[in-house]
Amino acid sequence: MRKCESCGYENEDEALRCNQCGEPLVDKEELNNIYFPFKNVTLTVILSILGGIIVPLHGLGNAYLGYYKRFLIEAVVDICITICSNLAYANNISVYQYLFIFLLIWWIFTIYDSYNCVKRLNGGELPPKFFGKRIT
(Lines give C-alpha, C1' and ligand atoms only; values in the text may rest on other atoms or scores of the structure.)
Protein backbone atom coordinates (compact mmCIF):
# COMPACT_ATOMS: atom_id res chain seq x y z
CA MET A 1 0.00 0.00 0.00
CA ARG A 2 1.20 3.49 -0.88
CA LYS A 3 0.43 6.18 1.65
CA CYS A 4 -0.29 9.65 0.29
CA GLU A 5 2.03 12.28 1.74
CA SER A 6 -0.63 14.95 1.28
CA CYS A 7 -3.71 13.41 2.94
CA GLY A 8 -2.50 10.12 4.45
CA TYR A 9 -4.88 7.93 2.41
CA GLU A 10 -3.76 4.31 1.84
CA ASN A 11 -3.71 3.59 -1.92
CA GLU A 12 -3.05 0.42 -3.92
CA ASP A 13 0.59 -0.24 -4.82
CA GLU A 14 -0.11 0.33 -8.54
CA ALA A 15 -1.73 3.74 -7.98
CA LEU A 16 -0.01 6.69 -9.60
CA ARG A 17 -2.24 9.28 -7.95
CA CYS A 18 -4.03 9.32 -4.62
CA ASN A 19 -7.60 8.07 -4.94
CA GLN A 20 -8.68 10.49 -2.21
CA CYS A 21 -7.07 13.84 -3.10
CA GLY A 22 -5.55 13.24 -6.57
CA GLU A 23 -1.98 14.15 -5.63
CA PRO A 24 0.79 12.24 -7.48
CA LEU A 25 2.23 9.28 -5.56
CA VAL A 26 5.31 9.14 -7.79
CA ASP A 27 7.82 11.75 -8.92
CA LYS A 28 6.58 14.22 -11.53
CA GLU A 29 9.24 12.98 -14.00
CA GLU A 30 8.07 9.39 -13.59
CA LEU A 31 4.43 10.49 -13.90
CA ASN A 32 5.17 12.42 -17.11
CA ASN A 33 6.95 9.40 -18.64
CA ILE A 34 3.90 7.17 -18.18
CA TYR A 35 1.70 6.81 -21.24
CA PHE A 36 -1.64 8.57 -20.99
CA PRO A 37 -4.09 7.38 -23.64
CA PHE A 38 -4.95 10.10 -26.13
CA LYS A 39 -8.68 10.67 -26.60
CA ASN A 40 -10.18 12.44 -29.59
CA VAL A 41 -11.47 15.92 -28.61
CA THR A 42 -13.89 16.17 -31.55
CA LEU A 43 -15.41 12.74 -30.88
CA THR A 44 -15.85 13.61 -27.19
CA VAL A 45 -17.72 16.82 -28.00
CA ILE A 46 -19.85 15.16 -30.73
CA LEU A 47 -20.85 12.36 -28.34
CA SER A 48 -21.87 14.94 -25.73
CA ILE A 49 -23.92 16.88 -28.28
CA LEU A 50 -25.60 13.80 -29.75
CA GLY A 51 -26.16 12.36 -26.29
CA GLY A 52 -28.31 15.38 -25.52
CA ILE A 53 -30.20 15.38 -28.83
CA ILE A 54 -30.89 11.70 -29.52
CA VAL A 55 -31.32 10.38 -25.98
CA PRO A 56 -31.51 12.33 -22.74
CA LEU A 57 -27.97 11.40 -21.75
CA HIS A 58 -25.95 14.58 -21.65
CA GLY A 59 -22.27 14.14 -20.98
CA LEU A 60 -21.97 10.97 -23.05
CA GLY A 61 -18.47 12.18 -23.93
CA ASN A 62 -17.42 11.55 -20.32
CA ALA A 63 -18.44 7.90 -20.70
CA TYR A 64 -16.15 7.74 -23.76
CA LEU A 65 -13.34 9.13 -21.60
CA GLY A 66 -13.92 6.45 -18.97
CA TYR A 67 -15.30 8.88 -16.39
CA TYR A 68 -18.34 6.72 -15.68
CA LYS A 69 -19.30 8.18 -12.29
CA ARG A 70 -19.22 11.68 -13.75
CA PHE A 71 -21.34 10.55 -16.70
CA LEU A 72 -23.88 8.83 -14.43
CA ILE A 73 -24.30 11.95 -12.30
CA GLU A 74 -24.81 14.09 -15.41
CA ALA A 75 -27.28 11.57 -16.86
CA VAL A 76 -29.31 11.29 -13.63
CA VAL A 77 -29.60 15.08 -13.36
CA ASP A 78 -30.60 15.20 -17.03
CA ILE A 79 -33.25 12.51 -16.65
CA CYS A 80 -34.70 14.19 -13.53
CA ILE A 81 -34.98 17.55 -15.30
CA THR A 82 -36.56 15.88 -18.35
CA ILE A 83 -39.13 14.00 -16.25
CA CYS A 84 -40.06 17.12 -14.27
CA SER A 85 -40.35 19.15 -17.46
CA ASN A 86 -42.57 16.53 -19.13
CA LEU A 87 -44.80 16.24 -16.05
CA ALA A 88 -45.17 20.00 -15.86
CA TYR A 89 -46.00 20.20 -19.57
CA ALA A 90 -48.57 17.39 -19.32
CA ASN A 91 -50.28 19.15 -16.42
CA ASN A 92 -50.24 22.57 -18.13
CA ILE A 93 -47.95 24.05 -15.51
CA SER A 94 -46.07 27.03 -16.92
CA VAL A 95 -42.85 26.16 -15.08
CA TYR A 96 -41.94 23.65 -17.81
CA GLN A 97 -40.56 26.51 -19.91
CA TYR A 98 -38.07 27.33 -17.18
CA LEU A 99 -37.17 23.67 -16.80
CA PHE A 100 -36.56 23.46 -20.54
CA ILE A 101 -34.24 26.48 -20.35
CA PHE A 102 -32.44 24.89 -17.40
CA LEU A 103 -32.11 21.67 -19.42
CA LEU A 104 -30.49 23.62 -22.26
CA ILE A 105 -28.08 25.27 -19.84
CA TRP A 106 -27.29 21.85 -18.35
CA TRP A 107 -26.66 20.45 -21.82
CA ILE A 108 -24.23 23.26 -22.65
CA PHE A 109 -22.48 22.72 -19.31
CA THR A 110 -22.07 18.97 -19.93
CA ILE A 111 -20.62 19.62 -23.39
CA TYR A 112 -18.13 22.07 -21.90
CA ASP A 113 -17.36 19.66 -19.06
CA SER A 114 -16.61 16.82 -21.49
CA TYR A 115 -14.40 19.14 -23.55
CA ASN A 116 -12.54 20.32 -20.45
CA CYS A 117 -12.08 16.73 -19.24
CA VAL A 118 -10.63 15.49 -22.55
CA LYS A 119 -8.22 18.42 -22.76
CA ARG A 120 -6.95 17.70 -19.26
CA LEU A 121 -6.79 13.94 -19.85
CA ASN A 122 -4.75 14.42 -23.02
CA GLY A 123 -2.45 16.76 -21.10
CA GLY A 124 -1.86 14.17 -18.38
CA GLU A 125 -3.78 16.18 -15.78
CA LEU A 126 -6.58 15.26 -13.41
CA PRO A 127 -10.13 16.09 -14.50
CA PRO A 128 -11.57 19.33 -13.13
CA LYS A 129 -13.60 19.24 -9.94
CA PHE A 130 -17.29 18.52 -10.38
CA PHE A 131 -19.47 20.30 -7.82
CA GLY A 132 -16.46 20.60 -5.54
CA LYS A 133 -15.37 16.94 -5.76
CA ARG A 134 -12.84 15.22 -7.98
CA ILE A 135 -15.09 12.71 -9.74
CA THR A 136 -13.88 10.50 -12.58
# chains A, B, ... in the order shown; residues from 1 in each chain; ligands from 1
$ residues_around --residues "range 91-107 of chain A" --least-positions-apart "5" --cutoff "9 Å" --atoms "only C-alpha atoms" --output "VMD selection string"
chain A and resid 48 to 49 52 58 to 59 74 77 to 78 81 to 82 84 to 86 112
$ select_by_dssp --residues "range 2-112 of chain A" --states "alpha helix (DSSP H)" --output "count of residues only"
65
$ residues_around --residues "range 9-17 of chain A" --least-positions-apart "4" --cutoff "10 Å" --atoms "only C-alpha atoms" --output "PyMOL selection string"
chain A and resi 1-5+21-27+30-31+34+126
$ select_by_dssp --residues "range 1-128 of chain A" --states "strand (DSSP E)" --output "PDB file with N, CA, C and O atoms, in the first residue's frame"
ATOM      1  N   ARG A   2       0.502   2.206  -0.832  1.00  0.00           N
ATOM      2  CA  ARG A   2       1.197   3.488  -0.884  1.00  0.00           C
ATOM      3  C   ARG A   2       0.411   4.515  -0.087  1.00  0.00           C
ATOM      4  O   ARG A   2      -0.767   4.721  -0.324  1.00  0.00           O
ATOM      5  N   LYS A   3       1.088   5.164   0.839  1.00  0.00           N
ATOM      6  CA  LYS A   3       0.434   6.182   1.649  1.00  0.00           C
ATOM      7  C   LYS A   3       0.685   7.548   1.029  1.00  0.00           C
ATOM      8  O   LYS A   3       1.816   7.900   0.696  1.00  0.00           O
ATOM      9  N   GLU A  10      -4.456   5.529   2.265  1.00  0.00           N
ATOM     10  CA  GLU A  10      -3.762   4.311   1.837  1.00  0.00           C
ATOM     11  C   GLU A  10      -4.260   3.909   0.452  1.00  0.00           C
ATOM     12  O   GLU A  10      -5.431   3.583   0.274  1.00  0.00           O
ATOM     13  N   ASN A  11      -3.373   3.926  -0.537  1.00  0.00           N
ATOM     14  CA  ASN A  11      -3.706   3.590  -1.920  1.00  0.00           C
ATOM     15  C   ASN A  11      -3.115   2.239  -2.298  1.00  0.00           C
ATOM     16  O   ASN A  11      -2.200   1.754  -1.634  1.00  0.00           O
TER      17      ASN A  11
END
$ closest_residue --among "A:Leu57, A:Ile46, A:Ile108, A:Ala88" --to "Ile73 in chain A" --atoms "only C-alpha atoms"
A:Leu57
$ closest_residue --among "A:Ile135, A:Val55, A:Asn19, A:Ile111" --to "Ile79 in chain A" --atoms "only C-alpha atoms"
A:Val55
$ residues_around --residues "Thr42 in chain A" --least-positions-apart "6" --cutoff "12 Å" --atoms "only C-alpha atoms" --output "list in words"
Ser48, Ile49, Gly61, Tyr64, Ile111, Ser114, Tyr115, Asn116, Val118 and Lys119 of chain A
